[in-house]
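Source file: final-v9.tsv (TSV, C-alpha atoms and all ligand atoms)
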```
chain	number	residue	atom	x	y	z
A	283	MET	CA	0.00	0.00	0.00
A	284	SER	CA	1.30	3.42	-0.78
A	285	ARG	CA	0.08	6.94	-0.50
A	286	ILE	CA	1.26	10.44	-0.99
A	287	GLU	CA	2.39	11.75	2.36
A	288	SER	CA	3.39	15.29	3.08
A	289	THR	CA	6.86	15.40	4.55
A	290	SER	CA	6.49	19.08	5.24
A	291	CYS	CA	8.19	18.74	8.57
A	292	LYS	CA	8.49	22.15	10.15
A	293	VAL	CA	11.78	22.97	11.79
A	294	ILE	CA	11.23	25.64	14.41
A	295	ALA	CA	14.07	27.39	16.22
A	296	VAL	CA	12.97	28.71	19.60
A	297	ALA	CA	15.17	31.76	19.90
A	298	ASN	CA	15.75	34.96	21.78
A	299	GLN	CA	19.22	36.04	22.82
A	300	LYS	CA	17.76	37.35	26.07
A	301	GLY	CA	18.26	34.82	28.85
A	302	GLY	CA	15.52	33.26	30.94
A	303	VAL	CA	12.56	34.16	28.70
A	304	GLY	CA	11.12	30.64	28.52
A	305	LYS	CA	12.85	29.21	25.42
A	306	THR	CA	13.58	25.86	26.99
A	307	THR	CA	10.28	25.65	28.87
A	308	SER	CA	8.43	26.38	25.64
A	309	THR	CA	10.49	23.91	23.58
A	310	ILE	CA	9.88	21.01	25.93
A	311	ASN	CA	6.22	21.61	26.64
A	312	LEU	CA	5.27	22.54	23.09
A	313	ALA	CA	6.98	19.34	21.92
A	314	GLN	CA	4.87	17.22	24.18
A	315	ALA	CA	1.68	19.14	23.41
A	316	LEU	CA	2.20	18.66	19.65
A	317	GLY	CA	2.64	14.96	20.40
A	318	PHE	CA	-0.89	14.89	21.85
A	319	HIS	CA	-2.15	15.84	18.40
A	320	GLY	CA	-0.46	12.75	16.98
A	321	LYS	CA	2.53	14.68	15.65
A	322	LYS	CA	5.99	13.15	15.64
A	323	VAL	CA	8.26	15.65	17.31
A	324	LEU	CA	12.01	15.89	17.77
A	325	ILE	CA	13.72	18.28	20.17
A	326	VAL	CA	17.26	19.33	19.28
A	327	ASP	CA	18.99	20.80	22.30
A	328	LEU	CA	21.46	23.29	20.89
A	329	ASP	CA	22.34	24.99	24.16
A	330	PRO	CA	25.53	24.01	26.03
A	331	GLN	CA	23.57	24.51	29.27
A	332	ALA	CA	21.70	21.32	28.25
A	333	ASN	CA	18.58	22.49	30.08
A	334	ALA	CA	16.17	20.89	27.63
A	335	THR	CA	18.06	17.58	27.79
A	336	GLN	CA	17.92	17.49	31.57
A	337	GLY	CA	14.47	19.03	31.68
A	338	VAL	CA	13.02	16.01	29.90
A	339	GLY	CA	14.78	13.67	32.29
A	340	VAL	CA	17.87	12.61	30.32
A	341	ASP	CA	20.93	12.26	32.52
A	342	LEU	CA	24.03	13.84	30.96
A	343	GLU	CA	26.07	10.83	32.14
A	344	HIS	CA	24.05	8.56	29.87
A	345	ILE	CA	24.74	10.45	26.68
A	346	LYS	CA	27.13	8.74	24.31
A	347	LEU	CA	26.64	11.04	21.37
A	348	SER	CA	25.28	14.58	21.54
A	349	VAL	CA	24.55	17.39	19.12
A	350	ALA	CA	28.11	18.56	19.77
A	351	ASP	CA	29.44	15.36	18.15
A	352	LEU	CA	27.08	15.77	15.21
A	353	ILE	CA	28.43	19.26	14.54
A	354	ARG	CA	32.09	18.48	15.15
A	355	ASP	CA	32.52	15.02	13.68
A	356	ARG	CA	31.33	14.29	10.16
A	357	ALA	CA	31.67	10.55	10.75
A	358	ALA	CA	29.28	10.54	13.73
A	359	GLN	CA	25.95	8.88	12.92
A	360	THR	CA	22.89	11.09	13.41
A	361	GLU	CA	20.86	8.03	14.39
A	362	GLN	CA	23.15	7.26	17.27
A	363	ALA	CA	22.53	10.63	18.88
A	364	LEU	CA	18.77	10.14	18.82
A	365	PHE	CA	16.87	9.31	22.01
A	366	GLU	CA	13.55	8.00	20.78
A	367	GLY	CA	10.74	8.39	23.26
A	368	ALA	CA	7.10	7.41	23.07
A	369	GLU	CA	6.02	11.05	23.38
A	370	PHE	CA	8.83	12.83	21.55
A	371	SER	CA	12.43	12.25	20.57
A	372	LEU	CA	15.56	14.17	21.54
A	373	ILE	CA	19.00	14.92	20.23
A	374	PRO	CA	20.70	15.90	23.47
A	375	SER	CA	23.23	18.59	24.21
A	376	SER	CA	26.29	18.34	26.38
A	377	PRO	CA	28.54	20.90	28.04
A	378	MET	CA	31.14	20.03	25.37
A	379	LEU	CA	29.01	22.04	22.95
A	380	ALA	CA	30.54	25.24	24.36
A	381	ARG	CA	33.98	24.10	23.20
A	382	VAL	CA	32.62	23.00	19.85
A	383	GLU	CA	31.10	26.45	19.41
A	384	ARG	CA	34.50	28.06	19.92
A	385	GLU	CA	36.05	25.67	17.40
A	386	MET	CA	33.35	26.51	14.84
A	387	VAL	CA	34.67	30.04	14.47
A	388	GLY	CA	36.73	30.05	11.32
A	389	ILE	CA	35.67	26.63	10.00
A	390	THR	CA	33.98	27.17	6.65
A	391	ASN	CA	30.32	26.14	6.60
A	392	SER	CA	30.39	24.76	10.14
A	393	GLU	CA	27.19	26.71	10.77
A	394	MET	CA	25.46	24.60	8.09
A	395	ARG	CA	26.28	21.25	9.62
A	396	LEU	CA	23.16	20.92	11.74
A	397	ALA	CA	21.01	21.85	8.73
A	398	GLN	CA	22.65	18.99	6.83
A	399	ARG	CA	22.02	16.58	9.68
A	400	ILE	CA	18.41	17.64	9.96
A	401	SER	CA	17.81	17.22	6.26
A	402	GLN	CA	18.76	13.54	6.68
A	403	ILE	CA	16.05	12.91	9.27
A	404	ARG	CA	13.35	15.51	8.72
A	405	SER	CA	11.09	13.16	6.78
A	406	ARG	CA	10.65	11.14	9.98
A	407	PHE	CA	9.13	14.01	11.96
A	408	ASP	CA	6.28	16.46	11.74
A	409	PHE	CA	8.06	19.05	13.87
A	410	ILE	CA	11.65	19.56	14.91
A	411	LEU	CA	12.05	22.11	17.70
A	412	ILE	CA	15.52	23.54	18.29
A	413	ASP	CA	16.26	25.04	21.69
A	414	THR	CA	18.92	27.73	21.41
A	415	PRO	CA	21.34	29.47	23.76
A	416	PRO	CA	20.85	33.02	25.01
A	417	THR	CA	23.66	34.50	22.91
A	418	PHE	CA	24.33	35.49	19.33
A	419	GLY	CA	27.12	33.32	17.99
A	420	PRO	CA	27.82	30.25	15.86
A	421	LEU	CA	25.21	28.13	17.63
A	422	MET	CA	22.43	30.66	17.14
A	423	ASN	CA	23.42	30.92	13.46
A	424	THR	CA	23.48	27.15	13.24
A	425	ALA	CA	19.90	26.99	14.52
A	426	LEU	CA	18.73	29.76	12.18
A	427	ASN	CA	20.32	27.99	9.22
A	428	ALA	CA	18.59	24.72	10.08
A	429	ALA	CA	15.16	26.25	10.75
A	430	ASP	CA	12.16	27.11	8.61
A	431	ARG	CA	10.56	29.23	11.29
A	432	VAL	CA	11.54	31.08	14.46
A	433	LEU	CA	9.38	31.08	17.55
A	434	VAL	CA	10.34	34.02	19.74
A	435	PRO	CA	9.40	33.75	23.41
A	436	VAL	CA	9.17	37.18	25.05
A	437	ASP	CA	9.05	37.48	28.82
A	438	SER	CA	6.67	39.89	30.48
A	439	GLY	CA	9.36	42.18	31.83
A	440	PHE	CA	10.68	45.69	31.55
A	441	PHE	CA	13.51	44.94	29.08
A	442	ALA	CA	11.52	42.35	27.16
A	443	LEU	CA	11.27	44.15	23.84
A	444	MET	CA	14.70	45.73	23.77
A	445	GLY	CA	16.67	42.99	22.01
A	446	ILE	CA	14.08	41.95	19.46
A	447	LYS	CA	15.34	44.37	16.83
A	448	GLU	CA	18.79	42.76	16.99
A	449	LEU	CA	17.25	39.29	16.75
A	450	LEU	CA	15.29	40.33	13.68
A	451	ALA	CA	18.45	41.76	12.12
A	452	GLU	CA	20.18	38.44	12.73
A	453	ILE	CA	17.28	36.53	11.16
A	454	GLU	CA	17.33	38.88	8.17
A	455	GLU	CA	21.04	38.37	7.69
A	456	ILE	CA	20.77	34.56	7.68
A	457	LYS	CA	17.75	34.80	5.41
A	458	ASN	CA	19.63	36.91	2.87
A	459	ALA	CA	22.79	34.84	3.05
A	460	THR	CA	22.04	31.15	3.45
A	461	ASN	CA	18.44	30.39	4.40
A	462	PRO	CA	15.98	32.35	2.23
A	463	GLY	CA	12.91	30.51	3.53
A	464	LEU	CA	13.45	31.55	7.15
A	465	ARG	CA	10.56	33.43	8.77
A	466	VAL	CA	9.23	34.35	12.18
A	467	LEU	CA	6.47	31.94	13.20
A	468	GLY	CA	5.31	34.15	16.01
A	469	TYR	CA	6.08	36.03	19.20
A	470	LEU	CA	5.01	34.25	22.36
A	471	LEU	CA	4.35	36.13	25.57
A	472	THR	CA	5.69	34.10	28.50
A	473	LEU	CA	5.80	34.53	32.27
A	474	ALA	CA	2.55	36.47	32.04
A	475	ASP	CA	0.80	37.54	35.21
A	476	GLY	CA	-1.77	40.11	36.24
A	477	THR	CA	0.68	42.98	36.53
A	478	ARG	CA	0.79	46.20	34.55
A	479	MET	CA	4.17	45.12	33.22
A	480	THR	CA	2.61	42.13	31.49
A	481	GLN	CA	-0.08	44.33	29.96
A	482	GLU	CA	2.50	46.86	28.79
A	483	THR	CA	4.68	44.17	27.23
A	484	TRP	CA	1.64	42.72	25.47
A	485	ASP	CA	0.61	46.17	24.20
A	486	GLY	CA	4.16	46.87	23.02
A	487	LEU	CA	4.39	43.52	21.24
A	488	THR	CA	1.03	43.78	19.51
A	489	SER	CA	1.60	47.33	18.40
A	490	ALA	CA	5.01	46.38	16.97
A	491	PHE	CA	4.15	43.02	15.43
A	492	GLY	CA	0.34	42.87	15.05
A	493	ASN	CA	-0.96	39.42	14.33
A	494	GLU	CA	2.50	37.91	14.35
A	495	VAL	CA	1.98	37.89	18.12
A	496	LEU	CA	0.52	34.57	19.15
A	497	LYS	CA	-2.81	34.87	20.93
A	498	THR	CA	-1.85	32.30	23.54
A	499	LYS	CA	-0.12	33.77	26.57
A	500	ILE	CA	1.89	31.49	28.84
A	501	ARG	CA	1.04	32.30	32.42
A	502	ARG	CA	3.67	32.36	35.16
A	503	THR	CA	3.10	29.36	37.42
A	504	VAL	CA	5.08	27.69	40.17
A	505	LYS	CA	4.47	24.30	38.57
A	506	LEU	CA	6.18	25.37	35.33
A	507	ARG	CA	9.16	26.51	37.37
A	508	GLU	CA	9.34	23.21	39.27
A	509	ALA	CA	8.93	20.80	36.37
A	510	PRO	CA	12.44	20.89	34.80
A	511	ALA	CA	14.18	20.05	38.08
A	512	LEU	CA	12.08	16.89	38.18
A	513	GLY	CA	12.91	16.04	34.57
A	514	ARG	CA	9.25	16.24	33.62
A	515	THR	CA	7.17	18.19	31.19
A	516	ILE	CA	4.28	20.12	32.68
A	517	PHE	CA	1.90	17.46	31.35
A	518	HIS	CA	3.41	14.95	33.75
A	519	HIS	CA	4.00	17.34	36.62
A	520	ASP	CA	0.68	19.19	36.66
A	521	PRO	CA	-1.54	17.95	33.84
A	522	ASN	CA	-4.63	19.87	34.92
A	523	GLY	CA	-3.00	23.20	35.74
A	524	ALA	CA	-2.61	26.49	33.90
A	525	GLY	CA	0.79	25.61	32.40
A	526	ALA	CA	-0.50	22.47	30.70
A	527	GLU	CA	-3.58	24.35	29.53
A	528	ASP	CA	-1.51	27.18	28.03
A	529	TYR	CA	0.96	24.93	26.21
A	530	LEU	CA	-1.86	22.81	24.83
A	531	GLU	CA	-3.55	25.98	23.59
A	532	LEU	CA	-0.25	27.11	22.06
A	533	SER	CA	0.12	23.81	20.21
A	534	LYS	CA	-3.36	24.24	18.71
A	535	GLU	CA	-2.61	27.78	17.64
A	536	ILE	CA	0.69	26.78	16.05
A	537	LEU	CA	-0.90	23.84	14.26
A	538	SER	CA	-3.59	26.04	12.82
A	539	LYS	CA	-1.02	28.66	11.82
A	540	VAL	CA	1.19	26.11	10.11
A	541	GLU	CA	-1.63	24.23	8.50
A	542	GLU	CA	-3.77	27.19	7.44
A	543	LYS	CA	-1.32	28.07	4.67
A	544	LYS	CA	-0.26	25.15	2.57
A	545	GLU	CA	3.11	26.64	2.19
A	546	PRO	CA	4.90	26.45	-1.15
A	547	GLU	CA	8.07	24.90	0.19
A	548	CYS	CA	6.22	21.82	1.48
A	549	HIS	CA	7.71	18.79	-0.23
A	550	LEU	CA	5.63	15.84	-1.31
A	551	SER	CA	7.11	12.42	-1.42
A	552	LEU	CA	5.85	8.98	-2.16
A	553	VAL	CA	5.85	6.84	0.95
A	554	SER	CA	5.26	3.15	0.66
A	555	GLY	CA	4.79	0.39	3.19
A	556	VAL	CA	2.08	-0.22	5.74
A	557	ASN	CA	4.19	1.13	8.59
A	558	HIS	CA	3.61	4.65	7.44
A	559	VAL	CA	-0.16	4.43	7.20
A	601	LIG	N1	5.55	30.29	32.65
A	601	LIG	C1	6.48	30.13	33.61
A	601	LIG	N2	6.13	30.23	34.92
A	601	LIG	C2	7.06	30.10	35.90
A	601	LIG	N3	8.35	29.85	35.69
A	601	LIG	C3	8.76	29.75	34.40
A	601	LIG	C4	7.86	29.87	33.31
A	601	LIG	N4	8.55	29.72	32.16
A	601	LIG	C5	9.83	29.50	32.52
A	601	LIG	N5	9.95	29.52	33.87
A	601	LIG	C6	11.18	29.37	34.64
A	601	LIG	O1	12.01	30.49	34.35
A	601	LIG	C7	13.35	30.10	34.21
A	601	LIG	C8	13.81	30.40	32.78
A	601	LIG	O2	13.03	29.63	31.88
A	601	LIG	P1	13.73	28.87	30.68
A	601	LIG	O3	14.89	28.07	31.16
A	601	LIG	O4	12.68	28.17	29.92
A	601	LIG	O5	14.24	30.12	29.87
A	601	LIG	P2	15.32	30.15	28.71
A	601	LIG	O6	14.96	31.29	27.84
A	601	LIG	O7	15.45	28.83	28.08
A	601	LIG	O8	16.65	30.47	29.54
A	601	LIG	P3	18.14	30.49	28.93
A	601	LIG	O9	18.22	31.77	28.18
A	601	LIG	O10	19.03	30.45	30.13
A	601	LIG	O11	18.29	29.29	28.06
A	601	LIG	C9	13.40	28.62	34.56
A	601	LIG	O12	13.67	28.49	35.92
A	601	LIG	C10	11.98	28.15	34.27
A	601	LIG	O13	11.63	27.02	35.04
A	602	MG	MG	17.17	27.66	27.81
```
Go through the file and emit its structure as structure tokens.
Amino acid sequence: MSRIESTSCKVIAVANQKGGVGKTTSTINLAQALGFHGKKVLIVDLDPQANATQGVGVDLEHIKLSVADLIRDRAAQTEQALFEGAEFSLIPSSPMLARVEREMVGITNSEMRLAQRISQIRSRFDFILIDTPPTFGPLMNTALNAADRVLVPVDSGFFALMGIKELLAEIEEIKNATNPGLRVLGYLLTLADGTRMTQETWDGLTSAFGNEVLKTKIRRTVKLREAPALGRTIFHHDPNGAGAEDYLELSKEILSKVEEKKEPECHLSLVSGVNHV
């Protein structure tokens, strides 16, 4: 049996060079929420802090091959770095990634290596979410070269909007140089609470970016703060709370955003064999 299957896997970099805005929290919980819709999701942890890796319960001691090896060593097998879970899969990070990032400076095309790796496996997933570090540098460029879309978490704080112009300039530069299809998927308000600061950040975001701002707001909750230390997503730590509700809502909004436009760069391929049906 065979059928035409869309392999329009979306690769989404979750990026903002500002630290602590909810990139990792959003990567992990969005991954699991998309899984609830039957989507096959891969997380690529591209941050030497390895917060996403540990946040989903993978012990750094158990990692034989990480994303650092995939970038550094052409002979490393992508497959061997893959942790395949029932709910989502992971290519883990490791602290060694910081050294690899330093080595990347000056190596021609090293910032394209993850994109090449991802192209080998993207047909197996519906979404690949890349968690990025809070700095501009080779790793951020690597993520932006591998991605189709950028999800920008924005915290509800006083300096929240200040760095976005620089991020957009970075995206524009990569788009013009090496990745013409790259676009912002949306701006996501995180750490939202009932304060005036949250309202002002929301107003600032919507007046600057209109309907590129996602309607879902991620509320600040103690449970979301606790979950990574336990190596659990919010859906395991507090499945009925506000955090789970918000990330589920976000997954629906992103699905409708991605699926509403049948985008021209979607590839169609012929898939055969009952396993795929
Ligand atoms: N909605 C939320 N409510 C409460 N705490 C949150 C929420 N989102 C994130 N946090 C907490 O805020 C801190 C920063 O979040 P997170 O690690 O996701 O940000 P980040 O942007 O990935 O940080 P970094 O830039 O260091 O990679 C973490 O302690 C996390 O548990
Ligand atoms: Mg992080």
Counting all atoms listed in the file, which residues sit no farther than 9 Å from the position (29.7, 12.1, 17.5) in the file's frame? I'd like them as a count of residues only.
17
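Compared by their closest atoms to ligand MG 602 (chain A), and using all atoms listed in the file, the residues A:Thr414, A:Gln314, A:Thr477, A:Ser405 rank with A:Thr414 nearest.
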For Ala380 of chain A: contacts at 9 Å, all atoms listed in the file, fewer than 4 positions along chain excluded, given as number ranges by chain
A: 329-331, 350, 376, 384-385
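Here atom CA of Gln336 of chain A stands at a distance of 15.8 Å from atom CA of Leu411 of chain A.
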Between atom CA of Glu527 of chain A and atom CA of Phe407 of chain A, distance in Å (one decimal):
24.0 Å
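Counting only C-alpha atoms and comparing A:Gly468, A:Gly486, A:Gly337, A:Pro416, the residue that lies closest to Met444 of chain A is A:Gly486.
Shortest separation to Asp528 of chain A among A:Val340, A:Leu426, A:Ala315, A:Ile310 occurs at residue A:Ala315, atoms counted being all atoms listed in the file.
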Find the residues near Thr306 of chain A: any atom within 9 Å, counting only C-alpha atoms, skip ones fewer than 3 places away on the same chain, and give them as a list in words.
Val296, Gly302, Val303, Thr309, Ile310, Asn311, Asp327, Asn333, Ala334, Gly337, Asp413 and Thr414 of chain A
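You will find atom CA of Leu324 of chain A at 17.3 Å from atom CA of Ile516 of chain A.
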Point out the residue among A:His519, A:Pro415, A:Gly339, A:Gly445 with the least atom-to-atom distance to ligand MG 602 (chain A), counting all atoms listed in the file.
A:Pro415
Between segment 373-417 of chain A and segment 429-442 of chain A, at 9 Å or less, what are the per-residue closest atom pairs and their distances in Å? Count all atoms listed in the file, order by chain and rising residue number, and return it as JSON lines.
```
{"residue": "A:Ala397", "atom": "CA", "partner": "A:Ala429", "partner_atom": "CA", "distance": 7.6}
{"residue": "A:Ile410", "atom": "CA", "partner": "A:Ala429", "partner_atom": "CA", "distance": 8.6}
{"residue": "A:Leu411", "atom": "CA", "partner": "A:Ala429", "partner_atom": "CA", "distance": 8.7}
{"residue": "A:Ile412", "atom": "CA", "partner": "A:Ala429", "partner_atom": "CA", "distance": 8.0}
```
Neighbours of ligand LIG 601 (chain A) at 7 Å or closer, counting all atoms listed in the file: which residues, as a list in words?
Gln299, Lys300, Gly301, Gly302, Val303, Gly304, Lys305, Thr306, Thr307, Ser308, Asn333, Thr414, Pro415, Pro416, Thr472, Leu473, Ala474, Ile500, Arg501, Arg502, Thr503, Val504, Lys505, Leu506, Arg507, Glu508, Ala509, Pro510 and Gly525 of chain A
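Using all atoms listed in the file, the nearest neighbour of ligand MG 602 (chain A) within the list A:Thr335, A:Leu316, A:Cys291, A:Leu532 is A:Thr335.
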With distances taken over all atoms listed in the file, which residue among A:Ala451, A:Arg404, A:Gly476, A:Leu471 lies nearest Tyr529 of chain A?
A:Leu471
Could all heavy atoms be built for segment 513-524 of chain A and written out as a compact mmCIF listing (two decimals), keeping the file's coordinate frame?
```
# COMPACT_ATOMS: atom_id res chain seq x y z
N GLY A 513 12.74 16.73 35.85
CA GLY A 513 12.91 16.04 34.57
C GLY A 513 11.59 15.68 33.92
O GLY A 513 11.47 14.70 33.20
N ARG A 514 10.59 16.52 34.16
CA ARG A 514 9.25 16.24 33.62
C ARG A 514 8.72 17.41 32.83
O ARG A 514 8.97 18.57 33.19
CB ARG A 514 8.26 16.03 34.77
CG ARG A 514 8.52 14.83 35.59
CD ARG A 514 7.34 14.68 36.53
NE ARG A 514 7.65 13.76 37.59
CZ ARG A 514 7.19 13.86 38.82
NH1 ARG A 514 6.40 14.86 39.15
NH2 ARG A 514 7.50 12.97 39.72
N THR A 515 7.91 17.11 31.83
CA THR A 515 7.17 18.19 31.19
C THR A 515 6.02 18.56 32.13
O THR A 515 5.69 17.82 33.06
CB THR A 515 6.58 17.77 29.83
OG1 THR A 515 5.53 16.82 30.07
CG2 THR A 515 7.64 17.18 28.92
N ILE A 516 5.39 19.68 31.83
CA ILE A 516 4.28 20.12 32.68
C ILE A 516 3.11 19.13 32.61
O ILE A 516 2.34 18.99 33.57
CB ILE A 516 3.83 21.56 32.29
CG1 ILE A 516 2.97 22.18 33.38
CG2 ILE A 516 3.12 21.61 30.95
CD1 ILE A 516 3.65 22.39 34.71
N PHE A 517 3.03 18.39 31.51
CA PHE A 517 1.90 17.46 31.35
C PHE A 517 2.03 16.25 32.28
O PHE A 517 1.06 15.57 32.55
CB PHE A 517 1.78 17.03 29.89
CG PHE A 517 1.50 18.20 28.99
CD1 PHE A 517 2.52 18.82 28.29
CD2 PHE A 517 0.21 18.73 28.91
CE1 PHE A 517 2.26 19.92 27.51
CE2 PHE A 517 -0.05 19.83 28.13
CZ PHE A 517 0.98 20.44 27.42
N HIS A 518 3.24 16.01 32.76
CA HIS A 518 3.41 14.95 33.75
C HIS A 518 3.40 15.53 35.16
O HIS A 518 3.00 14.88 36.11
CB HIS A 518 4.72 14.19 33.51
CG HIS A 518 4.64 13.32 32.30
ND1 HIS A 518 3.85 12.20 32.25
CD2 HIS A 518 5.22 13.43 31.08
CE1 HIS A 518 3.95 11.64 31.04
NE2 HIS A 518 4.77 12.38 30.31
N HIS A 519 3.88 16.75 35.29
CA HIS A 519 4.00 17.34 36.62
C HIS A 519 2.68 17.91 37.13
O HIS A 519 2.36 17.78 38.30
CB HIS A 519 5.07 18.44 36.57
CG HIS A 519 5.35 19.06 37.89
ND1 HIS A 519 5.58 18.32 39.03
CD2 HIS A 519 5.43 20.37 38.27
CE1 HIS A 519 5.79 19.14 40.05
NE2 HIS A 519 5.69 20.38 39.62
N ASP A 520 1.93 18.53 36.23
CA ASP A 520 0.68 19.19 36.66
C ASP A 520 -0.29 19.22 35.48
O ASP A 520 -0.56 20.28 34.91
CB ASP A 520 1.01 20.62 37.14
CG ASP A 520 -0.21 21.34 37.69
OD1 ASP A 520 -1.08 20.66 38.29
OD2 ASP A 520 -0.28 22.57 37.52
N PRO A 521 -0.78 18.05 35.10
CA PRO A 521 -1.54 17.95 33.84
C PRO A 521 -2.81 18.78 33.79
O PRO A 521 -3.27 19.12 32.68
CB PRO A 521 -1.86 16.46 33.73
CG PRO A 521 -1.62 15.88 35.08
CD PRO A 521 -0.62 16.76 35.77
N ASN A 522 -3.36 19.13 34.95
CA ASN A 522 -4.63 19.87 34.92
C ASN A 522 -4.47 21.36 35.22
O ASN A 522 -5.46 22.07 35.35
CB ASN A 522 -5.62 19.25 35.90
CG ASN A 522 -5.89 17.79 35.54
OD1 ASN A 522 -6.15 17.49 34.37
ND2 ASN A 522 -5.78 16.90 36.51
N GLY A 523 -3.22 21.81 35.34
CA GLY A 523 -3.00 23.20 35.74
C GLY A 523 -2.92 24.16 34.56
O GLY A 523 -3.05 23.78 33.39
N ALA A 524 -2.64 25.42 34.91
CA ALA A 524 -2.61 26.49 33.90
C ALA A 524 -1.50 26.29 32.88
O ALA A 524 -1.69 26.58 31.69
CB ALA A 524 -2.43 27.84 34.60
```
